[in-house]
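Report on the structure given below.
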Amino acid sequence: MSTSWQDILDLGARDATPTTAAENEAADRGSGVFRRLRESLSKSRRALTEEISASLFERLDDETWERLEEALILADAGAPTTAKVVERLEHEVDAGTVSPDGEAVRERLIEILAEVASTGRAPIDLSGEPAVLLMVGVNGTGKTTTIGKIAWHLSREFGLSVILAAGDTYRAAAAEQLAEWAERAGADLIRSAPGGDPGAVAYDAIDAARARGADVVIVDTAGRLHTEGNLMEELAKVSRVIGKQIPGAPHETLISIDATTGQNGLRQAQVFSEAVTLDGVVLTKLDGTAKGGITLAIADELGIPVKLIGTGETLEDLSPFDPSDFARALLAE
Amino acid sequence: MFDQLSDRLQATLSDVRNRGTLNEGDVDAAMREIRLALLEADVNFKVVKAFTANLKERCLGSDVLQSLDPGQQVVKIVNEELTGLMGGSGSDLAYASKGPTVILMAGLQGSGKTTACAKLAHHLKGAGKDVAIAACDVYRPAAVEQLVTVGGRAGAAVYEQGTDADPVEIAAWALERAREEVRDVLIVDTAGRTHVDEELMAELARIRKRTKPHDVLLVVDAMTGQDAVGVAESFAEAAEFDGVLMTKLDGDARGGAALSVKAVTGKPILFASTGEKLDAFERFHPDRMASRILGMGDVLSLIEKAEQQVDEDDAEDLQRKLETEQFTLEDFLKQMRQVRKMGPLSGLIGMLPGMGAMKGLKNADVDEGELDRVEAIILSMTPDERADPALINGSRRKRIANGSGAKVQHVKQLVKQFDQMRVLMRQMATGKPPTPEQLAQMQGAPAPRPRRVRR
């Protein structure tokens with residue numbers, strides 16, 4: 001039972017069923033989707049289908065726990081979270097609450113991991129009218145691409161009207177990149193001259209959304225390293241500008257984290273959450289071999305859950321996050 | 001760079017360093033700490049295992065624990081091993097004997113290839129090379145536009161054919177053009193790709209075959225985790241890269257990934273790229289970096305940076321002035337401008353021996369805006385006032401404050417601080433290091449002021 005788009009979106013009073021047109025379109029794309037799915041299953045997304053090898057739990061001794069630790073650390077879960085999970089499992093086995101049978105231990109481990117990954121889990125709040133979604137993250141983690149994909153899903157599958165705000169006024173050609181995505185997704189784009197004020201772009205986009213009666217505004221921001229104090233302040237300001245225009249907005253702030261990121265990802269989430277209120281993580285680039293275990297540490301230590309996962313370059317390659325699937329994939333060889 | 005790794009290793013080692021005697025248990029405990037520090041820094045699990053095993057064996061070797069200063073010996077061994085892990089004494093690009101040197105850039109999406117191309121071009125231009133960049137990323141929307149902009153900023157010619165042509169053909173065409181235009185270097189930017197994307201990896205191999213690059217650089221994000229090793233192995237196969245260019249090594253990036261890549265593939269780290277600006281880019285020197293991580297300072301890099309910016313006669317003149325306390329605000333201004341040309345001050349502090357251990361200074365996020373103000377204040381003074389700040393009375397202060405847009409207190413503070421600094425500098429010039437109290441005293445004043453510590 002994996003998580004669907006309806007499960008992960010809170011559209012408020014709006015009709016949350018995908019439009020039939022989108023379904024037809026989805027059917028038209030069918031062959032392409034399945035071809036891609038087959039291809040990814042055969043190589044890149046192999047990780048998402050395989051499960052922790054049962055042989056790991058054939059014997060339960062120190063070596064088992066050590067190898068389990070190794071597997072979690074290799075998945076980037078980080079030493080503290082790894083230690084916590086393994087200790088808990090070991091304790092439960094010792095206490096007899098989990099029968100010392102390989103299959104049972106394995107299932108329990110998946111439960112524990114899924115539980116950790118579900119910390120703070122809530123749907124993406126798009127109930128506002130218009131709803132404002134702010135996208136933040138370090139350079140190169142896939143913010144702009146993710147925005148394009150979210151816009152596509154909202155507009156093509158749920159029939160919502162979407163406005164994109166090109167708040168990355170810094171990186172060369174960032175607005176052009178977003179313009180391309182906007183066109184593909186059938187969304188409107190609000191932009192300014194290069195070097196313009198990102199807060200002003202967000203402001204204009206919300207104005208436009210009100211005037212046109214649009215459902216959702218998605219605000220892109222420039223990638224910034226979390227160590228850049230000034231840029232983090234600028235981000236806080238963009239969020240404040242949005243909040244002044246619509247009390248309670250941005251309704252949802254998502255940070256994109258690259259699945260290949262290691263322990264630094266935890267710092268990224270932590271420092272960004274000091275500047276803006278983070279509601280969730282978009283784990284991008286899961287189509288490689290990286291497992292994105294750092295999000296386990298982020299959920300565990302900061303209570304910020306993953307909401308979406310990005311698995312490729314095309315518009316459809318964005319899916320709702322499913323904690324159980326993720327837990328199973330985390331330890332796959 | 002490597003700040004967190006550095007913190008943890010220094011804490012562990014300062015404990016060891018100060019011991020008169022060491023036993024096997026102490027070494028074990030230190031190795032556990034080092035192991036955790038490396039894992040936290042994202043060094044690959046397997047690399048860490050081998051590294052600490054090797055380290056432990058050397059530390060427990062026959063003569064270390066029995067020596068007079070076992071603590072120092074252990075620190076020395078860690079330094080040597082860390083240098084080895086990072087790649088020994090350092091490597092450089094291979095250049096063509098004739099015609100353009102071709103440098104092929106490869107890496108995952110978002111690792112910073114396009115920016116790195118521009119920075120590398122800027123770096124090579126600084127060494128007097130005529131550089132062109134070929135835009136072969138035809139997939140990511142607006143990638144070509146981005147390269148045209150940043151490449152132009154770096155002063156490189158950007159060869160592009162839009163996004164409809166085949167990347168292999170663009171590369172071949174660009175090489176031909178670079179030959180015709182007699183460029184020294186052609187940097188080939190490629191699309192970011194997942195290492196499991198066989199189609200794109202094959203394309204990369206074809207670009208390699210067609211352009212026969214002298215150097216293939218793998219661009220690795222310093223924030224990459226454990227997967228870096230798998231990525232590097234795949235790229236080693238398709239692109240046979242020669243070296244690593246590590247990006248986003250700013251602030252608290254851990255960089256363990258790059259160390260793992262070196263350990264697993266044997267390919268050296270050639271360059272480190274740190275910030276947004278074009279010149280935030282340097283050659284990577286493993287030995288110096290190891291010293292920096294262990295808090296032993298990197299005076300060599302600091303001297304090199306200074307040499308690029310400071311005129312030797314000026315330096316001697318300055319030395320004389322400092323010794324005799326004839327150092328004026330005019331000199332101070334000149335000095336400040338020279339130092340600022342060397343790059344952001346926060347980057348320089350880490351290169352000073354022992355500074356890493358001084359928490360306050362290390363985390364000082366030097367506010368460049370304050371420096372601008374100091375500059376404005378001095379520029380609003382008359383030459384006489386600059387030569388002799390004692391002249392500055394109430395009405396002069398007011399005039400200076402008005403002229404520079406600062407407050408009267410700022411002017412007052414600057415003059416006071418300058419006096420303190422003059423004393424301090426004379427001490428340093430004559431070979432006496434400042435006491436921590438003196439440094440702490442300086443910190444209350446306007447220029448370089450440590451801002452709040454974020455952690």
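If you're wondering about the labels, chains in the structure tokens are A, B, ... by order shown, residues count from 1 in each chain, ligands from 1 in order shown.
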**Message:** Using only C-alpha atoms and a cut-off of 7 Å, which residues of chain B sit close to chain A? Please list them as a PyMOL selection string.
**Reply:** chain B and resi 40-42+45+110-112+141-142+145-146+149+194-196+223-227+251+253-254
Those residues you just picked out, can you put them in a file as a short mmCIF file (atom, residue, chain, number, x, y, z; two decimals), in the first residue's frame with N, CA and C atoms?
```
data_model
loop_
_atom_site.label_atom_id
_atom_site.label_comp_id
_atom_site.auth_asym_id
_atom_site.auth_seq_id
_atom_site.Cartn_x
_atom_site.Cartn_y
_atom_site.Cartn_z
N GLU B 40 31.46 10.86 10.53
CA GLU B 40 30.65 12.08 10.56
C GLU B 40 31.00 12.98 9.40
N ALA B 41 32.24 12.88 8.93
CA ALA B 41 32.68 13.71 7.81
C ALA B 41 32.34 13.04 6.48
N ASP B 42 31.59 11.95 6.51
CA ASP B 42 31.17 11.26 5.30
C ASP B 42 32.28 10.53 4.57
N PHE B 45 32.64 4.31 4.74
CA PHE B 45 32.77 3.34 5.82
C PHE B 45 33.97 2.42 5.65
N GLY B 110 23.97 18.81 -10.53
CA GLY B 110 23.97 19.63 -9.32
C GLY B 110 25.27 19.61 -8.55
N SER B 111 26.30 18.97 -9.10
CA SER B 111 27.57 18.95 -8.37
C SER B 111 28.32 20.27 -8.57
N GLY B 112 27.86 21.07 -9.54
CA GLY B 112 28.48 22.37 -9.74
C GLY B 112 29.43 22.42 -10.92
N PRO B 141 17.44 22.53 -18.90
CA PRO B 141 16.94 23.77 -19.46
C PRO B 141 17.86 24.93 -19.05
N ALA B 142 18.19 25.77 -20.02
CA ALA B 142 18.95 27.00 -19.80
C ALA B 142 20.39 26.79 -19.34
N GLU B 145 22.70 28.91 -21.60
CA GLU B 145 22.65 30.33 -21.23
C GLU B 145 23.50 30.59 -20.00
N GLN B 146 23.37 29.69 -19.01
CA GLN B 146 24.13 29.87 -17.78
C GLN B 146 25.63 29.87 -18.07
N THR B 149 26.83 33.02 -19.72
CA THR B 149 26.95 34.13 -18.77
C THR B 149 28.18 33.99 -17.88
N THR B 194 23.35 10.83 -13.87
CA THR B 194 23.41 9.82 -12.84
C THR B 194 24.32 8.72 -13.36
N HIS B 195 25.15 8.21 -12.50
CA HIS B 195 26.11 7.21 -12.95
C HIS B 195 25.45 5.92 -13.38
N VAL B 196 24.14 5.74 -13.06
CA VAL B 196 23.47 4.51 -13.50
C VAL B 196 22.76 4.73 -14.83
N MET B 223 29.58 17.77 -0.25
CA MET B 223 28.57 17.32 0.70
C MET B 223 28.05 15.92 0.42
N THR B 224 28.64 15.27 -0.60
CA THR B 224 28.18 13.93 -0.95
C THR B 224 28.44 12.95 0.19
N GLY B 225 27.57 11.99 0.33
CA GLY B 225 27.71 11.01 1.39
C GLY B 225 28.42 9.74 0.96
N GLN B 226 28.01 8.64 1.54
CA GLN B 226 28.67 7.36 1.35
C GLN B 226 28.67 6.88 -0.11
N ASP B 227 27.70 7.35 -0.87
CA ASP B 227 27.56 6.86 -2.24
C ASP B 227 28.66 7.35 -3.17
N GLY B 251 32.30 26.68 4.44
CA GLY B 251 31.75 26.56 5.79
C GLY B 251 31.87 25.19 6.38
N ALA B 253 30.98 22.21 5.12
CA ALA B 253 30.98 21.03 4.25
C ALA B 253 32.05 20.08 4.76
N ARG B 254 31.80 18.79 4.61
CA ARG B 254 32.70 17.84 5.26
C ARG B 254 33.76 17.28 4.34
#
```
Please provide as a compact mmCIF listing (two decimals) with C-alpha atoms, in the first residue's frame all residues within 8 Å of stretch 398-411 of chain B, with the sequence filter that same-chain residues fewer than 5 positions apart are discarded (counting only C-alpha atoms).
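What landed in around_8.txt:
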```txt
# COMPACT_ATOMS: atom_id res chain seq x y z
CA ARG B 373 32.49 51.35 6.90
CA ALA B 376 34.67 55.06 4.42
CA ILE B 377 35.63 56.60 7.74
CA LEU B 379 38.61 58.11 3.47
CA SER B 380 36.71 60.96 5.09
CA MET B 381 39.79 62.02 7.04
CA PRO B 446 34.26 47.64 14.96
```
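Interatomic distance, atom CA of A:Phe321 to atom CA of B:Ala228: 23.6 Å.
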**Long-range neighbours of B:Ala263 as a list in words, 12 Å cut-off, only C-alpha atoms, 6 positions minimum in chain** =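 Those residues are Val43, Asn44, Phe45, Lys46, Val47, Val48, Lys49, Ala50, Phe51, Glu81, Leu82, Thr83, Gly84, Leu85, Met86, Gly87, Gly88, Ala228, Val229, Ala232, Glu233, Val244, Gly256, Ala257 and Ile269 of chain B.
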**Prompt:** Of the residues A:Leu315, A:Ile242, A:Ala151, A:Leu308, which is the one nearest to A:Ser4, using only C-alpha atoms?
**Reply:**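 Answer, going by the shortest atom-to-atom distance: A:Leu308.
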**Message:** as an MDAnalysis selection string, please: every residue in stretch 73-318 of chain B that DSSP puts in strand (DSSP E or B).
**Reply:** chainID B and resid 101:107 131:136 157:159 161 163 185:190 215:221 224 243:247 269:273 281:283
**Message:** Can you pull out the residues contacting B:His123? Cut-off 10 Å, using only C-alpha atoms, and skip same-chain residues under 3 positions away; I want them as a list of chain:residue names.
**Reply:**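 Result of the neighbour search: B:Cys117, B:Ala118, B:Lys119, B:Leu120, B:Gly126, B:Ala127, B:Gly128, B:Lys129, B:Val131, B:Ala154, B:Leu278, B:Asp279, B:Ala280, B:Phe281, B:Glu282, B:Arg283.
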**Request:** Go ahead and compute the interatomic distance for atom CA of B:Lys98 and atom CA of B:Glu160, in Å to one decimal.
**Result:** 24.0 Å
**Request:** From a DSSP calculation on the backbone, collect every residue of stretch 11-244 of chain A in alpha helix (DSSP H) and output the set as a ChimeraX atom specification.
**Result:** /A:20-42,46-49,62-74,79-95,102-117,143-152,174-185,198-212,229-244
Output of the above residues as a CSV table (one decimal), in the first residue's frame, restricted to C-alpha atoms:
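Below is the file out-v4.csv, written as the result:
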```
chain,number,residue,atom,x,y,z
A,20,THR,CA,-10.4,12.5,-16.2
A,21,ALA,CA,-8.5,14.4,-18.8
A,22,ALA,CA,-5.3,13.8,-16.8
A,23,GLU,CA,-6.2,10.2,-16.5
A,24,ASN,CA,-6.6,9.9,-20.3
A,25,GLU,CA,-3.4,11.7,-20.7
A,26,ALA,CA,-1.8,9.4,-18.2
A,27,ALA,CA,-3.1,6.4,-20.2
A,28,ASP,CA,-1.7,7.9,-23.4
A,29,ARG,CA,1.6,8.2,-21.8
A,30,GLY,CA,1.2,4.7,-20.5
A,31,SER,CA,3.7,2.9,-22.7
A,32,GLY,CA,6.3,5.5,-22.0
A,33,VAL,CA,5.7,5.3,-18.2
A,34,PHE,CA,5.9,1.6,-18.2
A,35,ARG,CA,8.9,1.5,-20.4
A,36,ARG,CA,10.7,3.9,-18.1
A,37,LEU,CA,9.5,2.0,-15.0
A,38,ARG,CA,10.8,-1.2,-16.4
A,39,GLU,CA,14.1,0.3,-17.2
A,40,SER,CA,14.5,1.9,-13.8
A,41,LEU,CA,13.5,-1.2,-12.0
A,42,SER,CA,16.1,-3.1,-13.9
A,46,ARG,CA,16.5,-1.7,-8.2
A,47,ALA,CA,17.1,-0.4,-4.7
A,48,LEU,CA,13.5,0.4,-4.2
A,49,THR,CA,12.3,-3.1,-4.9
A,62,ASP,CA,27.3,-9.1,17.6
A,63,GLU,CA,28.4,-9.5,14.0
A,64,THR,CA,24.7,-9.2,12.9
A,65,TRP,CA,24.3,-5.9,14.7
A,66,GLU,CA,27.6,-4.6,13.4
A,67,ARG,CA,26.7,-5.4,9.8
A,68,LEU,CA,23.4,-3.8,10.3
A,69,GLU,CA,25.2,-0.7,11.6
A,70,GLU,CA,27.5,-0.8,8.6
A,71,ALA,CA,24.5,-1.0,6.2
A,72,LEU,CA,22.8,2.0,7.8
A,73,ILE,CA,25.9,4.1,7.8
A,74,LEU,CA,26.6,3.2,4.2
A,79,ALA,CA,26.1,7.5,13.4
A,80,PRO,CA,23.7,8.7,16.1
A,81,THR,CA,20.5,7.6,14.3
A,82,THR,CA,22.1,4.3,13.3
A,83,ALA,CA,23.1,3.6,16.9
A,84,LYS,CA,19.7,4.5,18.1
A,85,VAL,CA,17.9,2.2,15.7
A,86,VAL,CA,20.2,-0.7,16.1
A,87,GLU,CA,20.2,-0.4,19.9
A,88,ARG,CA,16.4,-0.4,20.0
A,89,LEU,CA,16.2,-3.5,17.8
A,90,GLU,CA,18.9,-5.3,19.7
A,91,HIS,CA,17.2,-4.4,23.0
A,92,GLU,CA,13.8,-5.6,21.8
A,93,VAL,CA,15.3,-8.9,20.6
A,94,ASP,CA,17.1,-9.3,24.0
A,95,ALA,CA,14.0,-8.5,25.9
A,102,GLY,CA,15.3,-13.8,11.1
A,103,GLU,CA,12.1,-12.9,9.3
A,104,ALA,CA,10.5,-11.4,12.4
A,105,VAL,CA,13.5,-9.3,13.2
A,106,ARG,CA,13.7,-8.0,9.6
A,107,GLU,CA,10.1,-7.0,9.6
A,108,ARG,CA,10.5,-5.3,13.0
A,109,LEU,CA,13.5,-3.4,11.7
A,110,ILE,CA,11.5,-2.1,8.7
A,111,GLU,CA,8.8,-1.0,11.1
A,112,ILE,CA,11.2,0.9,13.3
A,113,LEU,CA,12.9,2.6,10.3
A,114,ALA,CA,9.5,3.5,8.8
A,115,GLU,CA,8.4,4.9,12.2
A,116,VAL,CA,11.5,7.1,12.4
A,117,ALA,CA,11.0,8.2,8.8
A,143,LYS,CA,14.7,23.0,-6.5
A,144,THR,CA,13.8,24.4,-9.9
A,145,THR,CA,13.3,20.9,-11.4
A,146,THR,CA,11.1,19.9,-8.4
A,147,ILE,CA,9.0,23.0,-8.7
A,148,GLY,CA,8.4,22.2,-12.4
A,149,LYS,CA,7.3,18.6,-11.5
A,150,ILE,CA,5.0,19.7,-8.6
A,151,ALA,CA,3.4,22.3,-10.9
A,152,TRP,CA,2.9,19.7,-13.6
A,174,ALA,CA,17.7,30.4,-13.5
A,175,ALA,CA,14.5,32.2,-14.6
A,176,GLU,CA,14.9,30.8,-18.1
A,177,GLN,CA,15.1,27.3,-16.7
A,178,LEU,CA,11.9,27.9,-14.6
A,179,ALA,CA,10.2,29.4,-17.7
A,180,GLU,CA,10.8,26.2,-19.6
A,181,TRP,CA,9.3,24.1,-16.7
A,182,ALA,CA,6.3,26.6,-16.5
A,183,GLU,CA,5.6,26.0,-20.2
A,184,ARG,CA,5.8,22.3,-19.9
A,185,ALA,CA,3.6,22.3,-16.8
A,198,PRO,CA,13.3,37.9,-4.7
A,199,GLY,CA,10.8,39.2,-2.1
A,200,ALA,CA,9.3,41.5,-4.7
A,201,VAL,CA,8.9,38.6,-7.2
A,202,ALA,CA,7.0,36.6,-4.5
A,203,TYR,CA,4.9,39.6,-3.8
A,204,ASP,CA,4.0,40.2,-7.4
A,205,ALA,CA,3.2,36.5,-7.9
A,206,ILE,CA,0.7,36.5,-5.0
A,207,ASP,CA,-0.8,39.6,-6.4
A,208,ALA,CA,-1.2,38.0,-9.7
A,209,ALA,CA,-2.6,34.8,-8.2
A,210,ARG,CA,-5.3,36.9,-6.4
A,211,ALA,CA,-6.1,38.9,-9.5
A,212,ARG,CA,-6.4,35.7,-11.7
A,229,GLY,CA,24.4,34.2,6.9
A,230,ASN,CA,23.2,37.1,4.7
A,231,LEU,CA,21.5,34.8,2.2
A,232,MET,CA,19.7,33.0,5.0
A,233,GLU,CA,18.4,36.3,6.2
A,234,GLU,CA,17.3,37.2,2.7
A,235,LEU,CA,15.3,33.9,2.7
A,236,ALA,CA,13.7,34.7,6.0
A,237,LYS,CA,12.7,38.1,4.5
A,238,VAL,CA,11.1,36.4,1.4
A,239,SER,CA,9.1,34.3,3.8
A,240,ARG,CA,8.0,37.3,5.9
A,241,VAL,CA,7.0,39.3,2.7
A,242,ILE,CA,4.7,36.4,1.8
A,243,GLY,CA,3.3,36.2,5.4
A,244,LYS,CA,2.5,39.9,5.3
```
**Residue contacts of stretch 99-108 of chain B (9 Å, only C-alpha atoms) excluding same-chain residues fewer than 3 positions away, as a VMD selection string** = chain B and resid 93 to 96 111 to 114 116 to 117 131 175 178 to 179 182 to 195 204 207 to 208 211 to 221 231 to 232 235 239 241
**Asked** Of the candidates B:Leu329, B:Leu9, B:Val374, B:Ala29, which one gets nearest to B:Met421 if we count only C-alpha atoms?
**Response**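 With only C-alpha atoms as the atom set, the closest residue is B:Leu329.
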